[in-house]
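Shown below: final_29.cif, with mmCIF, N, CA and C atoms.
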```cif
data_model
#
loop_
_atom_site.label_atom_id
_atom_site.label_comp_id
_atom_site.auth_asym_id
_atom_site.auth_seq_id
_atom_site.Cartn_x
_atom_site.Cartn_y
_atom_site.Cartn_z
N HIS A 524 59.97 102.13 95.15
CA HIS A 524 60.87 103.18 94.68
C HIS A 524 60.11 104.38 94.10
N VAL A 525 58.81 104.30 94.04
CA VAL A 525 58.03 105.40 93.45
C VAL A 525 58.22 106.68 94.26
N GLU A 526 58.14 106.58 95.58
CA GLU A 526 58.31 107.77 96.42
C GLU A 526 59.69 108.38 96.22
N GLU A 527 60.71 107.52 96.16
CA GLU A 527 62.08 108.00 95.98
C GLU A 527 62.20 108.76 94.66
N GLN A 528 61.61 108.24 93.60
CA GLN A 528 61.71 108.88 92.29
C GLN A 528 61.04 110.25 92.30
N LEU A 529 59.97 110.41 93.06
CA LEU A 529 59.28 111.69 93.10
C LEU A 529 60.14 112.76 93.77
N MET A 530 61.00 112.33 94.69
CA MET A 530 61.81 113.30 95.43
C MET A 530 63.05 113.71 94.65
N ILE A 531 63.55 112.84 93.80
CA ILE A 531 64.79 113.13 93.07
C ILE A 531 64.44 113.73 91.71
N GLU A 532 64.95 114.92 91.48
CA GLU A 532 64.65 115.64 90.24
C GLU A 532 65.87 115.76 89.33
N TYR A 533 67.04 115.44 89.85
CA TYR A 533 68.28 115.69 89.12
C TYR A 533 68.94 114.41 88.61
N MET A 534 69.62 114.56 87.48
CA MET A 534 70.50 113.54 86.94
C MET A 534 71.86 114.21 86.83
N PHE A 535 72.88 113.58 87.42
CA PHE A 535 74.24 114.10 87.30
C PHE A 535 74.90 113.44 86.10
N VAL A 536 75.33 114.26 85.14
CA VAL A 536 75.99 113.74 83.93
C VAL A 536 77.43 114.25 83.89
N TYR A 537 78.32 113.40 83.41
CA TYR A 537 79.75 113.75 83.43
C TYR A 537 80.48 113.32 82.17
N GLY A 538 79.76 112.77 81.18
CA GLY A 538 80.42 112.27 79.98
C GLY A 538 79.66 112.62 78.72
N THR A 539 79.25 111.62 77.98
CA THR A 539 78.65 111.84 76.67
C THR A 539 77.29 112.51 76.71
N LEU A 540 76.68 112.61 77.91
CA LEU A 540 75.39 113.31 78.05
C LEU A 540 75.56 114.81 78.32
N LEU A 541 76.80 115.26 78.51
CA LEU A 541 77.06 116.69 78.72
C LEU A 541 76.69 117.50 77.47
N ARG A 542 76.38 118.78 77.69
CA ARG A 542 76.15 119.68 76.55
C ARG A 542 77.39 119.66 75.65
N GLY A 543 77.15 119.58 74.35
CA GLY A 543 78.25 119.57 73.40
C GLY A 543 78.79 118.20 73.06
N PHE A 544 78.26 117.15 73.69
CA PHE A 544 78.74 115.79 73.42
C PHE A 544 77.66 114.95 72.76
N ILE A 545 78.08 113.81 72.23
CA ILE A 545 77.30 112.99 71.30
C ILE A 545 75.93 112.54 71.81
N ASN A 546 75.76 112.30 73.10
CA ASN A 546 74.48 111.78 73.60
C ASN A 546 73.62 112.82 74.32
N HIS A 547 74.04 114.09 74.28
CA HIS A 547 73.25 115.13 74.96
C HIS A 547 71.81 115.20 74.44
N HIS A 548 71.63 114.91 73.16
CA HIS A 548 70.29 114.98 72.56
C HIS A 548 69.29 114.04 73.25
N LEU A 549 69.78 113.01 73.95
CA LEU A 549 68.88 112.06 74.62
C LEU A 549 68.27 112.64 75.89
N ILE A 550 69.02 113.49 76.58
CA ILE A 550 68.53 114.06 77.84
C ILE A 550 67.92 115.45 77.63
N LYS A 551 68.32 116.12 76.55
CA LYS A 551 67.89 117.50 76.31
C LYS A 551 66.37 117.69 76.35
N PRO A 552 65.55 116.79 75.75
CA PRO A 552 64.10 117.00 75.77
C PRO A 552 63.50 116.99 77.19
N PHE A 553 64.22 116.41 78.14
CA PHE A 553 63.73 116.30 79.51
C PHE A 553 64.34 117.35 80.44
N ALA A 554 65.26 118.15 79.91
CA ALA A 554 66.01 119.09 80.75
C ALA A 554 65.21 120.36 81.02
N VAL A 555 64.89 120.58 82.28
CA VAL A 555 64.23 121.81 82.72
C VAL A 555 65.29 122.88 82.95
N GLU A 556 66.42 122.45 83.51
CA GLU A 556 67.57 123.35 83.70
C GLU A 556 68.83 122.50 83.77
N ILE A 557 69.95 123.11 83.37
CA ILE A 557 71.24 122.44 83.42
C ILE A 557 72.23 123.40 84.05
N VAL A 558 72.85 122.95 85.15
CA VAL A 558 73.82 123.80 85.86
C VAL A 558 75.08 122.99 86.18
N PRO A 559 76.22 123.66 86.29
CA PRO A 559 77.43 122.96 86.68
C PRO A 559 77.26 122.31 88.06
N ALA A 560 77.88 121.15 88.24
CA ALA A 560 77.78 120.43 89.51
C ALA A 560 78.99 119.51 89.65
N ALA A 561 79.16 118.96 90.85
CA ALA A 561 80.26 118.03 91.11
C ALA A 561 79.85 117.04 92.19
N THR A 562 80.55 115.91 92.22
CA THR A 562 80.34 114.90 93.26
C THR A 562 81.70 114.28 93.60
N PRO A 563 81.87 113.83 94.85
CA PRO A 563 83.13 113.17 95.20
C PRO A 563 83.24 111.82 94.48
N GLY A 564 84.40 111.55 93.92
CA GLY A 564 84.60 110.27 93.26
C GLY A 564 85.85 110.29 92.40
N GLU A 565 86.00 109.22 91.64
CA GLU A 565 87.12 109.12 90.70
C GLU A 565 86.57 108.88 89.32
N LEU A 566 87.23 109.48 88.33
CA LEU A 566 86.78 109.39 86.96
C LEU A 566 87.87 108.74 86.11
N PHE A 567 87.44 107.88 85.19
CA PHE A 567 88.36 107.20 84.28
C PHE A 567 87.86 107.37 82.86
N HIS A 568 88.81 107.51 81.93
CA HIS A 568 88.47 107.52 80.50
C HIS A 568 88.71 106.10 80.00
N LEU A 569 87.65 105.48 79.49
CA LEU A 569 87.75 104.10 79.04
C LEU A 569 88.24 104.02 77.60
N GLN A 570 88.86 102.91 77.26
CA GLN A 570 89.38 102.71 75.90
C GLN A 570 88.27 102.72 74.86
N TYR A 571 87.03 102.60 75.29
CA TYR A 571 85.88 102.60 74.37
C TYR A 571 85.46 104.02 73.96
N GLY A 572 86.06 105.04 74.61
CA GLY A 572 85.77 106.42 74.21
C GLY A 572 84.78 107.15 75.09
N TYR A 573 84.45 106.60 76.24
CA TYR A 573 83.55 107.27 77.17
C TYR A 573 84.06 107.06 78.60
N PRO A 574 83.56 107.87 79.54
CA PRO A 574 84.10 107.82 80.90
C PRO A 574 83.35 106.86 81.83
N ALA A 575 84.00 106.56 82.94
CA ALA A 575 83.41 105.74 84.00
C ALA A 575 83.66 106.44 85.33
N LEU A 576 82.62 106.52 86.12
CA LEU A 576 82.69 107.14 87.45
C LEU A 576 82.65 106.06 88.52
N VAL A 577 83.50 106.23 89.52
CA VAL A 577 83.45 105.40 90.72
C VAL A 577 83.18 106.35 91.88
N LEU A 578 82.07 106.12 92.58
CA LEU A 578 81.75 106.98 93.72
C LEU A 578 82.57 106.52 94.92
N ASN A 579 83.21 107.47 95.58
CA ASN A 579 83.90 107.17 96.82
C ASN A 579 84.13 108.49 97.53
N ASN A 580 84.67 108.41 98.69
CA ASN A 580 84.87 109.64 99.46
C ASN A 580 86.28 110.19 99.25
N ALA A 581 86.80 109.97 98.07
CA ALA A 581 88.14 110.49 97.74
C ALA A 581 88.12 112.01 97.88
N ALA A 582 89.28 112.57 98.08
CA ALA A 582 89.40 114.02 98.17
C ALA A 582 89.20 114.64 96.79
N GLN A 583 88.97 113.80 95.81
CA GLN A 583 88.83 114.24 94.43
C GLN A 583 87.36 114.52 94.12
N TRP A 584 87.11 115.51 93.28
CA TRP A 584 85.75 115.82 92.84
C TRP A 584 85.65 115.57 91.34
N VAL A 585 84.54 115.02 90.94
CA VAL A 585 84.24 114.82 89.52
C VAL A 585 83.26 115.92 89.12
N SER A 586 83.60 116.65 88.07
CA SER A 586 82.74 117.74 87.65
C SER A 586 81.90 117.32 86.45
N GLY A 587 80.72 117.91 86.39
CA GLY A 587 79.80 117.63 85.30
C GLY A 587 78.65 118.61 85.34
N GLU A 588 77.47 118.13 85.00
CA GLU A 588 76.29 118.98 85.00
C GLU A 588 75.15 118.29 85.73
N ALA A 589 74.40 119.10 86.48
CA ALA A 589 73.17 118.64 87.11
C ALA A 589 72.03 119.01 86.16
N VAL A 590 71.32 117.99 85.71
CA VAL A 590 70.20 118.22 84.80
C VAL A 590 68.93 118.00 85.59
N LYS A 591 68.16 119.08 85.77
CA LYS A 591 66.85 118.95 86.41
C LYS A 591 65.92 118.37 85.36
N VAL A 592 65.34 117.21 85.66
CA VAL A 592 64.64 116.41 84.67
C VAL A 592 63.13 116.46 84.86
N SER A 593 62.41 116.63 83.75
CA SER A 593 60.96 116.47 83.75
C SER A 593 60.67 115.05 83.25
N ASP A 594 59.52 114.51 83.57
CA ASP A 594 59.11 113.17 83.12
C ASP A 594 60.23 112.17 83.39
N LEU A 595 60.57 112.04 84.67
CA LEU A 595 61.69 111.22 85.09
C LEU A 595 61.58 109.78 84.59
N ALA A 596 60.41 109.19 84.67
CA ALA A 596 60.24 107.78 84.26
C ALA A 596 60.63 107.59 82.80
N ARG A 597 60.18 108.47 81.91
CA ARG A 597 60.54 108.36 80.49
C ARG A 597 62.03 108.62 80.27
N ALA A 598 62.55 109.62 80.95
CA ALA A 598 63.97 109.93 80.82
C ALA A 598 64.83 108.74 81.28
N LEU A 599 64.47 108.15 82.42
CA LEU A 599 65.27 107.04 82.93
C LEU A 599 65.21 105.83 82.00
N ALA A 600 64.08 105.58 81.38
CA ALA A 600 63.96 104.45 80.45
C ALA A 600 64.96 104.62 79.30
N ILE A 601 65.06 105.82 78.76
CA ILE A 601 65.99 106.10 77.65
C ILE A 601 67.44 106.03 78.13
N LEU A 602 67.71 106.63 79.28
CA LEU A 602 69.08 106.68 79.79
C LEU A 602 69.54 105.30 80.27
N ASP A 603 68.64 104.53 80.89
CA ASP A 603 69.00 103.17 81.32
C ASP A 603 69.46 102.35 80.12
N ASP A 604 68.76 102.51 79.00
CA ASP A 604 69.11 101.79 77.78
C ASP A 604 70.49 102.21 77.29
N LEU A 605 70.74 103.51 77.25
CA LEU A 605 72.04 104.02 76.82
C LEU A 605 73.17 103.49 77.70
N GLU A 606 72.94 103.49 79.01
CA GLU A 606 74.00 103.17 79.97
C GLU A 606 74.13 101.67 80.27
N GLY A 607 73.33 100.85 79.60
CA GLY A 607 73.42 99.41 79.82
C GLY A 607 73.02 99.00 81.21
N TYR A 608 71.96 99.66 81.72
CA TYR A 608 71.46 99.36 83.08
C TYR A 608 70.19 98.54 82.96
N HIS A 609 70.23 97.32 83.54
CA HIS A 609 69.11 96.38 83.42
C HIS A 609 68.34 96.20 84.72
N GLY A 610 68.76 96.89 85.78
CA GLY A 610 68.08 96.78 87.07
C GLY A 610 69.07 96.54 88.19
N VAL A 611 68.61 96.75 89.41
CA VAL A 611 69.46 96.64 90.60
C VAL A 611 70.11 95.26 90.67
N GLY A 612 71.44 95.27 90.74
CA GLY A 612 72.19 94.03 90.92
C GLY A 612 72.25 93.11 89.72
N HIS A 613 71.77 93.56 88.57
CA HIS A 613 71.76 92.69 87.38
C HIS A 613 73.21 92.42 86.93
N PRO A 614 73.56 91.16 86.67
CA PRO A 614 74.95 90.83 86.33
C PRO A 614 75.42 91.42 85.00
N ASP A 615 74.50 91.79 84.11
CA ASP A 615 74.89 92.34 82.81
C ASP A 615 74.99 93.85 82.79
N ASN A 616 74.79 94.51 83.93
CA ASN A 616 74.87 95.97 83.96
C ASN A 616 76.26 96.43 83.54
N LEU A 617 76.28 97.43 82.65
CA LEU A 617 77.52 98.12 82.31
C LEU A 617 77.74 99.22 83.35
N TYR A 618 76.67 99.94 83.65
CA TYR A 618 76.65 100.95 84.70
C TYR A 618 75.52 100.61 85.66
N ASN A 619 75.65 101.04 86.91
CA ASN A 619 74.56 100.96 87.88
C ASN A 619 73.99 102.36 88.05
N ARG A 620 72.66 102.46 88.16
CA ARG A 620 72.04 103.76 88.46
C ARG A 620 71.95 103.87 89.97
N GLU A 621 72.61 104.90 90.50
CA GLU A 621 72.64 105.09 91.95
C GLU A 621 72.21 106.51 92.29
N VAL A 622 71.99 106.73 93.57
CA VAL A 622 71.68 108.06 94.06
C VAL A 622 72.94 108.57 94.76
N CYS A 623 73.33 109.80 94.44
CA CYS A 623 74.49 110.39 95.08
C CYS A 623 74.17 111.83 95.47
N LYS A 624 75.01 112.39 96.30
CA LYS A 624 74.93 113.81 96.66
C LYS A 624 75.76 114.59 95.66
N ILE A 625 75.15 115.61 95.09
CA ILE A 625 75.91 116.49 94.20
C ILE A 625 75.92 117.89 94.80
N ARG A 626 76.94 118.64 94.44
CA ARG A 626 77.04 120.04 94.86
C ARG A 626 76.87 120.90 93.62
N LEU A 627 75.85 121.75 93.66
CA LEU A 627 75.60 122.65 92.54
C LEU A 627 76.58 123.83 92.60
N ALA A 628 76.65 124.58 91.52
CA ALA A 628 77.58 125.70 91.42
C ALA A 628 77.37 126.72 92.53
N ASP A 629 76.12 126.87 93.00
CA ASP A 629 75.84 127.86 94.06
C ASP A 629 76.14 127.31 95.46
N GLY A 630 76.66 126.08 95.53
CA GLY A 630 77.06 125.51 96.81
C GLY A 630 75.98 124.65 97.47
N THR A 631 74.76 124.66 96.95
CA THR A 631 73.71 123.83 97.54
C THR A 631 73.93 122.37 97.15
N GLU A 632 73.46 121.48 98.03
CA GLU A 632 73.58 120.05 97.75
C GLU A 632 72.21 119.48 97.42
N ARG A 633 72.20 118.51 96.51
CA ARG A 633 70.97 117.84 96.10
C ARG A 633 71.25 116.35 95.95
N ASP A 634 70.20 115.55 96.10
CA ASP A 634 70.29 114.15 95.73
C ASP A 634 70.08 114.07 94.24
N SER A 635 70.82 113.17 93.61
CA SER A 635 70.76 113.05 92.16
C SER A 635 70.95 111.60 91.75
N TYR A 636 70.34 111.24 90.63
CA TYR A 636 70.69 109.97 90.01
C TYR A 636 72.00 110.15 89.26
N VAL A 637 72.76 109.07 89.19
CA VAL A 637 74.01 109.07 88.44
C VAL A 637 74.28 107.63 88.01
N TYR A 638 74.91 107.49 86.87
CA TYR A 638 75.32 106.17 86.41
C TYR A 638 76.79 105.97 86.77
N VAL A 639 77.05 104.93 87.57
CA VAL A 639 78.42 104.63 88.01
C VAL A 639 78.85 103.30 87.38
N TRP A 640 80.12 103.18 87.11
CA TRP A 640 80.68 102.01 86.45
C TRP A 640 80.45 100.77 87.32
N ALA A 641 79.91 99.72 86.72
CA ALA A 641 79.53 98.52 87.47
C ALA A 641 80.70 97.56 87.70
N HIS A 642 81.86 97.82 87.07
CA HIS A 642 82.96 96.87 87.15
C HIS A 642 84.28 97.56 87.53
N PRO A 643 84.35 98.17 88.72
CA PRO A 643 85.55 98.94 89.08
C PRO A 643 86.82 98.10 89.07
N ASP A 644 86.71 96.79 89.29
CA ASP A 644 87.89 95.92 89.29
C ASP A 644 88.56 95.87 87.91
N ARG A 645 87.81 96.17 86.85
CA ARG A 645 88.36 96.12 85.48
C ARG A 645 89.02 97.44 85.06
N LEU A 646 88.82 98.50 85.84
CA LEU A 646 89.29 99.83 85.41
C LEU A 646 90.80 99.92 85.15
N PRO A 647 91.64 99.31 85.98
CA PRO A 647 93.08 99.44 85.70
C PRO A 647 93.45 98.93 84.31
N ALA A 648 92.74 97.93 83.79
CA ALA A 648 93.08 97.35 82.49
C ALA A 648 92.49 98.15 81.32
N ILE A 649 91.37 98.85 81.54
CA ILE A 649 90.67 99.47 80.40
C ILE A 649 90.51 100.99 80.52
N GLY A 650 90.99 101.57 81.63
CA GLY A 650 90.76 103.00 81.81
C GLY A 650 91.99 103.79 82.24
N LEU A 651 91.97 105.05 81.85
CA LEU A 651 93.00 106.00 82.30
C LEU A 651 92.39 106.92 83.34
N PRO A 652 93.05 107.14 84.48
CA PRO A 652 92.52 108.11 85.44
C PRO A 652 92.42 109.50 84.81
N VAL A 653 91.32 110.17 85.07
CA VAL A 653 91.12 111.54 84.59
C VAL A 653 91.49 112.47 85.74
N THR A 654 92.74 112.92 85.75
CA THR A 654 93.18 113.81 86.81
C THR A 654 92.44 115.14 86.65
N GLY A 655 91.99 115.69 87.75
CA GLY A 655 91.22 116.93 87.70
C GLY A 655 89.72 116.67 87.69
N GLY A 656 89.32 115.45 87.34
CA GLY A 656 87.91 115.07 87.46
C GLY A 656 86.95 115.61 86.42
N SER A 657 87.47 116.21 85.34
CA SER A 657 86.59 116.75 84.30
C SER A 657 86.84 116.03 82.99
N TRP A 658 85.86 115.20 82.56
CA TRP A 658 86.00 114.50 81.29
C TRP A 658 85.95 115.48 80.13
N LYS A 659 85.14 116.52 80.27
CA LYS A 659 85.05 117.56 79.22
C LYS A 659 86.42 118.18 78.98
N GLN A 660 87.10 118.54 80.05
CA GLN A 660 88.44 119.13 79.93
C GLN A 660 89.41 118.10 79.39
N PHE A 661 89.33 116.86 79.89
CA PHE A 661 90.19 115.77 79.43
C PHE A 661 90.05 115.58 77.92
N MET A 662 88.82 115.56 77.42
CA MET A 662 88.59 115.37 76.00
C MET A 662 89.09 116.58 75.19
N GLY A 663 88.94 117.77 75.74
CA GLY A 663 89.43 118.97 75.07
C GLY A 663 90.93 118.97 74.92
N GLU A 664 91.62 118.41 75.92
CA GLU A 664 93.07 118.37 75.90
C GLU A 664 93.59 117.32 74.93
N ARG A 665 92.77 116.33 74.60
CA ARG A 665 93.20 115.24 73.71
C ARG A 665 93.05 115.60 72.25
N THR A 666 92.21 116.60 71.94
CA THR A 666 91.95 116.90 70.53
C THR A 666 92.84 118.02 70.03
#
```

Please rewrite the model in this file as structure tokens.
Amino acid sequence: HVEEQLMIEYMFVYGTLLRGFINHHLIKPFAVEIVPAATPGELFHLQYGYPALVLNNAAQWVSGEAVKVSDLARALAILDDLEGYHGVGHPDNLYNREVCKIRLADGTERDSYVYVWAHPDRLPAIGLPVTGGSWKQFMGERT
């Protein structure tokens, strides 16, 4: 996976790692640039107070930010810990770290790492669909 990591420079964030939210300070030291971005999928607000993304080819887009990351290995170690990611296929994963296609604000597409919810079968019981695909907007409307 070393070659793959060298090619991927972006992390797509859509929840607590966004600018203005509680965990942004964890990614900020590694951020070379942060731009608006989106990916196809569905977003849910979990009863625990943070969102869950399910990647699919739905006509729906999830909006967030593309963070161009320096020192990817160090950044991923910190973010894996935050997101409860223990490795590929690990049964205790809260989120899985996957590679997805994101669309930047200027229309260009990039490969990006993203944390996706590892237990989509549980979402109906613990999550509310975020219509419109923006957790930032969803949280703004709730306060």

Item to check | Test item: residues at most 7 Å from region 553-565 of chain A, all atoms listed in the file, excluding those fewer than 3 positions along its chain, as a PyMOL selection string | outcome: chain A and resi 549-550+575-594+598+624-629+653+656

Checklist outcome for this item: If you count only C-alpha atoms, the residue of A:Gly607, A:Tyr638, A:Lys659, A:Pro652 closest to Leu541 (chain A) turns out to be A:Lys659

Checklist entry - Quick one: DSSP helix (DSSP H, G or I) residues in region 557-664 of chain A, as an MDAnalysis selection string? => result chainID A and resid 595:605 643:649 658:664

Next on the checklist: One decimal, in Å: what's the spacing between atom N of Ala596 (chain A) and CA of Tyr573 (chain A)?
Outcome noted: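 Interatomic distance, atom N of Ala596 (chain A) to CA of Tyr573 (chain A): 24.4 Å.
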
Checklist entry - Could you pull out the strand (DSSP E) residues of chain A from DSSP and send them as a PyMOL selection string? => result chain A and resi 533-536+554-569+574-578+584-592+618-627+632-640+650-652

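The shortest atom-to-atom distance to Gly610 (chain A), with only C-alpha atoms taken into account, belongs to A:Ala641 out of A:Leu646, A:Ala641, A:Ile531, A:Leu595.
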
Item to check | Shortest interatomic distance to Gly543 (chain A) - which of A:Pro643, A:Gly650, A:Gly663, A:Gly612, counting only C-alpha atoms | outcome: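 Using only C-alpha atoms, the shortest distance to Gly543 (chain A) belongs to A:Gly663.
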
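Our summary of the geometry notes that atom C of Met662 (chain A) is positioned 28.2 Å from atom N of Asp634 (chain A).
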
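Atom pair atom N of His609 (chain A) / atom N of Gln570 (chain A) has a distance of 20.4 Å (rounded to one decimal).
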
Since the input has fewer atoms than a full residue there, write region 576-589 of chain A out with N, CA, C and O atoms, as a PDB file, in the frame of the given file.
```
ATOM      1  N   LEU A 576      82.620 106.520  86.120  1.00  0.00           N
ATOM      2  CA  LEU A 576      82.690 107.140  87.450  1.00  0.00           C
ATOM      3  C   LEU A 576      82.650 106.060  88.520  1.00  0.00           C
ATOM      4  O   LEU A 576      81.874 105.115  88.413  1.00  0.00           O
ATOM      5  N   VAL A 577      83.500 106.230  89.520  1.00  0.00           N
ATOM      6  CA  VAL A 577      83.450 105.400  90.720  1.00  0.00           C
ATOM      7  C   VAL A 577      83.180 106.350  91.880  1.00  0.00           C
ATOM      8  O   VAL A 577      83.943 107.299  92.085  1.00  0.00           O
ATOM      9  N   LEU A 578      82.070 106.120  92.580  1.00  0.00           N
ATOM     10  CA  LEU A 578      81.750 106.980  93.720  1.00  0.00           C
ATOM     11  C   LEU A 578      82.570 106.520  94.920  1.00  0.00           C
ATOM     12  O   LEU A 578      82.630 105.328  95.225  1.00  0.00           O
ATOM     13  N   ASN A 579      83.210 107.470  95.580  1.00  0.00           N
ATOM     14  CA  ASN A 579      83.900 107.170  96.820  1.00  0.00           C
ATOM     15  C   ASN A 579      84.130 108.490  97.530  1.00  0.00           C
ATOM     16  O   ASN A 579      83.783 109.555  97.014  1.00  0.00           O
ATOM     17  N   ASN A 580      84.670 108.410  98.690  1.00  0.00           N
ATOM     18  CA  ASN A 580      84.870 109.640  99.460  1.00  0.00           C
ATOM     19  C   ASN A 580      86.280 110.190  99.250  1.00  0.00           C
ATOM     20  O   ASN A 580      86.866 110.769 100.151  1.00  0.00           O
ATOM     21  N   ALA A 581      86.800 109.970  98.070  1.00  0.00           N
ATOM     22  CA  ALA A 581      88.140 110.490  97.740  1.00  0.00           C
ATOM     23  C   ALA A 581      88.120 112.010  97.880  1.00  0.00           C
ATOM     24  O   ALA A 581      87.073 112.647  97.782  1.00  0.00           O
ATOM     25  N   ALA A 582      89.280 112.570  98.080  1.00  0.00           N
ATOM     26  CA  ALA A 582      89.400 114.020  98.170  1.00  0.00           C
ATOM     27  C   ALA A 582      89.200 114.640  96.790  1.00  0.00           C
ATOM     28  O   ALA A 582      89.253 115.846  96.632  1.00  0.00           O
ATOM     29  N   GLN A 583      88.970 113.800  95.810  1.00  0.00           N
ATOM     30  CA  GLN A 583      88.830 114.240  94.430  1.00  0.00           C
ATOM     31  C   GLN A 583      87.360 114.520  94.120  1.00  0.00           C
ATOM     32  O   GLN A 583      86.477 113.828  94.613  1.00  0.00           O
ATOM     33  N   TRP A 584      87.110 115.510  93.280  1.00  0.00           N
ATOM     34  CA  TRP A 584      85.750 115.820  92.840  1.00  0.00           C
ATOM     35  C   TRP A 584      85.650 115.570  91.340  1.00  0.00           C
ATOM     36  O   TRP A 584      86.588 115.863  90.592  1.00  0.00           O
ATOM     37  N   VAL A 585      84.540 115.020  90.940  1.00  0.00           N
ATOM     38  CA  VAL A 585      84.240 114.820  89.520  1.00  0.00           C
ATOM     39  C   VAL A 585      83.260 115.920  89.120  1.00  0.00           C
ATOM     40  O   VAL A 585      82.232 116.109  89.772  1.00  0.00           O
ATOM     41  N   SER A 586      83.600 116.650  88.070  1.00  0.00           N
ATOM     42  CA  SER A 586      82.740 117.740  87.650  1.00  0.00           C
ATOM     43  C   SER A 586      81.900 117.320  86.450  1.00  0.00           C
ATOM     44  O   SER A 586      82.313 116.491  85.642  1.00  0.00           O
ATOM     45  N   GLY A 587      80.720 117.910  86.390  1.00  0.00           N
ATOM     46  CA  GLY A 587      79.800 117.630  85.300  1.00  0.00           C
ATOM     47  C   GLY A 587      78.650 118.610  85.340  1.00  0.00           C
ATOM     48  O   GLY A 587      78.842 119.775  85.714  1.00  0.00           O
ATOM     49  N   GLU A 588      77.470 118.130  85.000  1.00  0.00           N
ATOM     50  CA  GLU A 588      76.290 118.980  85.000  1.00  0.00           C
ATOM     51  C   GLU A 588      75.150 118.290  85.730  1.00  0.00           C
ATOM     52  O   GLU A 588      74.960 117.086  85.620  1.00  0.00           O
ATOM     53  N   ALA A 589      74.400 119.100  86.480  1.00  0.00           N
ATOM     54  CA  ALA A 589      73.170 118.640  87.110  1.00  0.00           C
ATOM     55  C   ALA A 589      72.030 119.010  86.160  1.00  0.00           C
ATOM     56  O   ALA A 589      71.842 120.181  85.844  1.00  0.00           O
TER      57      ALA A 589
END
```
